[in-house]
Amino acid sequence: MEDIEHFAKAMKLIDADGRRLDGRKFNELRPIRIEAGVLRRADGSAYMEWGGNKVLAAVYGPREAHPRHLQDPARALVQCRYNMAPFSVTDRKRPGPDRRSVEISKVISEAFSSVVFAEQFPRTSVDIFIEVLQADAGTRCAGLTAASVALADAGVPMRDLVASCASGKIDGVVCLDLNKDEDNFGDADCPTAVVPRTGEIVLLQMDGHLTSDEFEKAMDLSIDAARRIYDLQRDALRRRYSVTLEDILKESPPVQSPMQPEGRLPSEDDFGPEGI
Amino acid sequence: MSEEIVSELMRAHVYRLASTGQRLDGRALDEPRKVSLERAFVKTAEGSARVKLGNTDVLVGIKMSVGEPYPDTPNTGVLSTSVELIPMASPTFEAGPPRPEAIELARVVDRGIRESKMVSMEKLCITPKEKVWILFIDIHVGCTRKEPGARGRLPASGRALAGERHDGEDQGPTLGRPKPRRRADGGRPAHRDHG
């Protein structure tokens, strides 16, 4: 531990040119890659790499809420489980939820509760699972961003995707998207999640100290970054779902499958009128 | 873990195919699923491997830490194997402490590693009775992946969010809803089953 403290004092987190440890400028994001629809069994899923973070998100539902006493006769529950793999951090994390992951699960499910049209699915639950496979600071933002792509992949009706990014202060400078070293040795970190279309803020936390001017600046950085992340999210969905007629015919040639029962397929009407 | 529901129709179909030497996915009876192996997938782990067998996707991470040996084996390191059947992998996997299925799998893997002597437990000893290496094997099971190229149709709401929206106007609940899913047993969609 002494070595680490020594390192913190000796090392500058930002050099004279305003470059950070990994060469980024104050308003630069780490490289982000999002892939939609990666899991076979889940109703919706997404995989995201964000700098050194690797995060999987999956959505099940709307499905019958279980246990039954949790069911809300007026709306769907939006439940989230954020979990870190034991090998995702430097010192092995004991499996199972701890206070930190319970907190993150709670704030993420609250963030999504305000965008999902929950009133359309009474008595059900929309279950969001987030697995952090490799962590490098900013996992709640990565998890939230991936989960929102997974929700869209699952076809859950939402007001908009939620995009999330953190800003903080290192060496007295307000910077976007801190990495692990900057988070550990910096002065403040402030994760934010926004609904880009309406400009609503659905998650806002802060760890450390910022003056109100610095806070405003951090928010501006985060909101601007969230718009860029929003484009990446939509891009991931487009990549997954843009198909040509050729693709469709290749994947499902017009041949009667042996599984198909005789006669016409049940139409939507067989399930009663639309609406629950 | 709840039982997977397989419809009578599907069951009969699988049996019928098998009786003529065929399988659902077109493989021969003696043909295994495709295996692939990737190393060093997780940089935060001391070692990691990702193995895919057909649609089953397993990620294993190794972590090492220093601790005390067990009193009855003062000269050997400690090996700890755990398995998580993560709930996102299958609708039948549930969150919570490991269930018997996960514990069985962890213990079987543990025995395999231990009894094969592939890890020299003696060499994991630093100072007898005081300090040894603890070797953690953490197995994340069942990130079953979609086959590449297998695309689905994006439900209306997802299409809207992907940008094929009309004007910037708030269309609210008219964004559409997913089709009620049909269960494997051909029953009504789960969220209509009550009330």
# chains A, B, ... in the order shown; residues from 1 in each chain; ligands from 1

call {"tool": "interface_residues", "arguments": {"of": "chain A", "to": "chain B", "cutoff": "6 Å", "atoms": "only C-alpha atoms", "output": "ChimeraX atom specification"}}
result
/A:38-41,58,63-64,87-90,129,134,152,155,157,234,237-238

call {"tool": "closest_residue", "arguments": {"among": "B:Leu85, B:Val78, B:Ala28, B:Ile103", "to": "Val119 in chain B", "atoms": "only C-alpha atoms"}}
result
B:Val78

call {"tool": "residues_around", "arguments": {"residues": "Ile32 in chain A", "least_positions_apart": "2", "cutoff": "9 Å", "atoms": "only C-alpha atoms", "output": "list in words"}}
result
Leu29, Arg30, Ile34, Met48, Glu49, Trp50, Gly51, Ile229 and Leu232 of chain A

call {"tool": "write_last_selection", "arguments": {"atoms": "N, CA and C atoms", "output": "mmCIF file, in the first residue's frame"}}
result
data_model
loop_
_atom_site.group_PDB
_atom_site.id
_atom_site.type_symbol
_atom_site.label_atom_id
_atom_site.label_comp_id
_atom_site.auth_asym_id
_atom_site.auth_seq_id
_atom_site.Cartn_x
_atom_site.Cartn_y
_atom_site.Cartn_z
ATOM 1 N N LEU A 29 -13.451 10.263 -24.919
ATOM 2 C CA LEU A 29 -13.941 8.990 -24.388
ATOM 3 C C LEU A 29 -12.919 7.887 -24.656
ATOM 4 N N ARG A 30 -13.002 6.822 -23.887
ATOM 5 C CA ARG A 30 -12.215 5.632 -24.239
ATOM 6 C C ARG A 30 -12.901 4.950 -25.416
ATOM 7 N N ILE A 34 -20.057 -1.688 -29.161
ATOM 8 C CA ILE A 34 -21.308 -2.303 -28.676
ATOM 9 C C ILE A 34 -21.795 -3.295 -29.722
ATOM 10 N N MET A 48 -20.692 -5.146 -24.487
ATOM 11 C CA MET A 48 -20.058 -3.848 -24.651
ATOM 12 C C MET A 48 -18.624 -3.877 -24.161
ATOM 13 N N GLU A 49 -17.741 -3.294 -24.945
ATOM 14 C CA GLU A 49 -16.379 -3.051 -24.480
ATOM 15 C C GLU A 49 -16.187 -1.550 -24.432
ATOM 16 N N TRP A 50 -15.746 -1.074 -23.282
ATOM 17 C CA TRP A 50 -15.598 0.366 -23.084
ATOM 18 C C TRP A 50 -14.248 0.550 -22.409
ATOM 19 N N GLY A 51 -13.242 0.936 -23.161
ATOM 20 C CA GLY A 51 -11.888 0.959 -22.600
ATOM 21 C C GLY A 51 -11.563 -0.431 -22.104
ATOM 22 N N ILE A 229 -22.519 8.479 -27.307
ATOM 23 C CA ILE A 229 -22.751 7.069 -26.959
ATOM 24 C C ILE A 229 -24.108 6.609 -27.498
ATOM 25 N N LEU A 232 -23.745 5.459 -30.895
ATOM 26 C CA LEU A 232 -23.141 4.123 -30.952
ATOM 27 C C LEU A 232 -24.176 3.044 -30.630
#

call {"tool": "select_by_dssp", "arguments": {"residues": "range 9-251 of chain A", "states": "strand (DSSP E or B)", "output": "count of residues only"}}
result
77

call {"tool": "closest_residue", "arguments": {"among": "B:Ala49, B:Leu29, B:Ala12, B:Met121", "to": "Thr73 in chain B", "atoms": "only C-alpha atoms"}}
result
B:Met121

call {"tool": "closest_residue", "arguments": {"among": "A:Ile223, A:Ala57, A:Val194, A:Ala85", "to": "Ala163 in chain A", "atoms": "only C-alpha atoms"}}
result
A:Val194

call {"tool": "closest_atom_pairs", "arguments": {"of": "range 69-141 of chain A", "to": "range 199-214 of chain A", "cutoff": "10 Å", "atoms": "only C-alpha atoms", "output": "JSON lines"}}
result
{"residue": "A:Val107", "atom": "CA", "partner": "A:Leu203", "partner_atom": "CA", "distance": 6.9}
{"residue": "A:Ile108", "atom": "CA", "partner": "A:Leu203", "partner_atom": "CA", "distance": 7.6}
{"residue": "A:Glu110", "atom": "CA", "partner": "A:Val202", "partner_atom": "CA", "distance": 7.7}
{"residue": "A:Ala111", "atom": "CA", "partner": "A:Val202", "partner_atom": "CA", "distance": 4.8}
{"residue": "A:Phe112", "atom": "CA", "partner": "A:Val202", "partner_atom": "CA", "distance": 7.8}
{"residue": "A:Ser113", "atom": "CA", "partner": "A:Val202", "partner_atom": "CA", "distance": 9.2}
{"residue": "A:Ser114", "atom": "CA", "partner": "A:Val202", "partner_atom": "CA", "distance": 7.3}
{"residue": "A:Val115", "atom": "CA", "partner": "A:Val202", "partner_atom": "CA", "distance": 8.8}
{"residue": "A:Cys141", "atom": "CA", "partner": "A:Leu203", "partner_atom": "CA", "distance": 9.5}
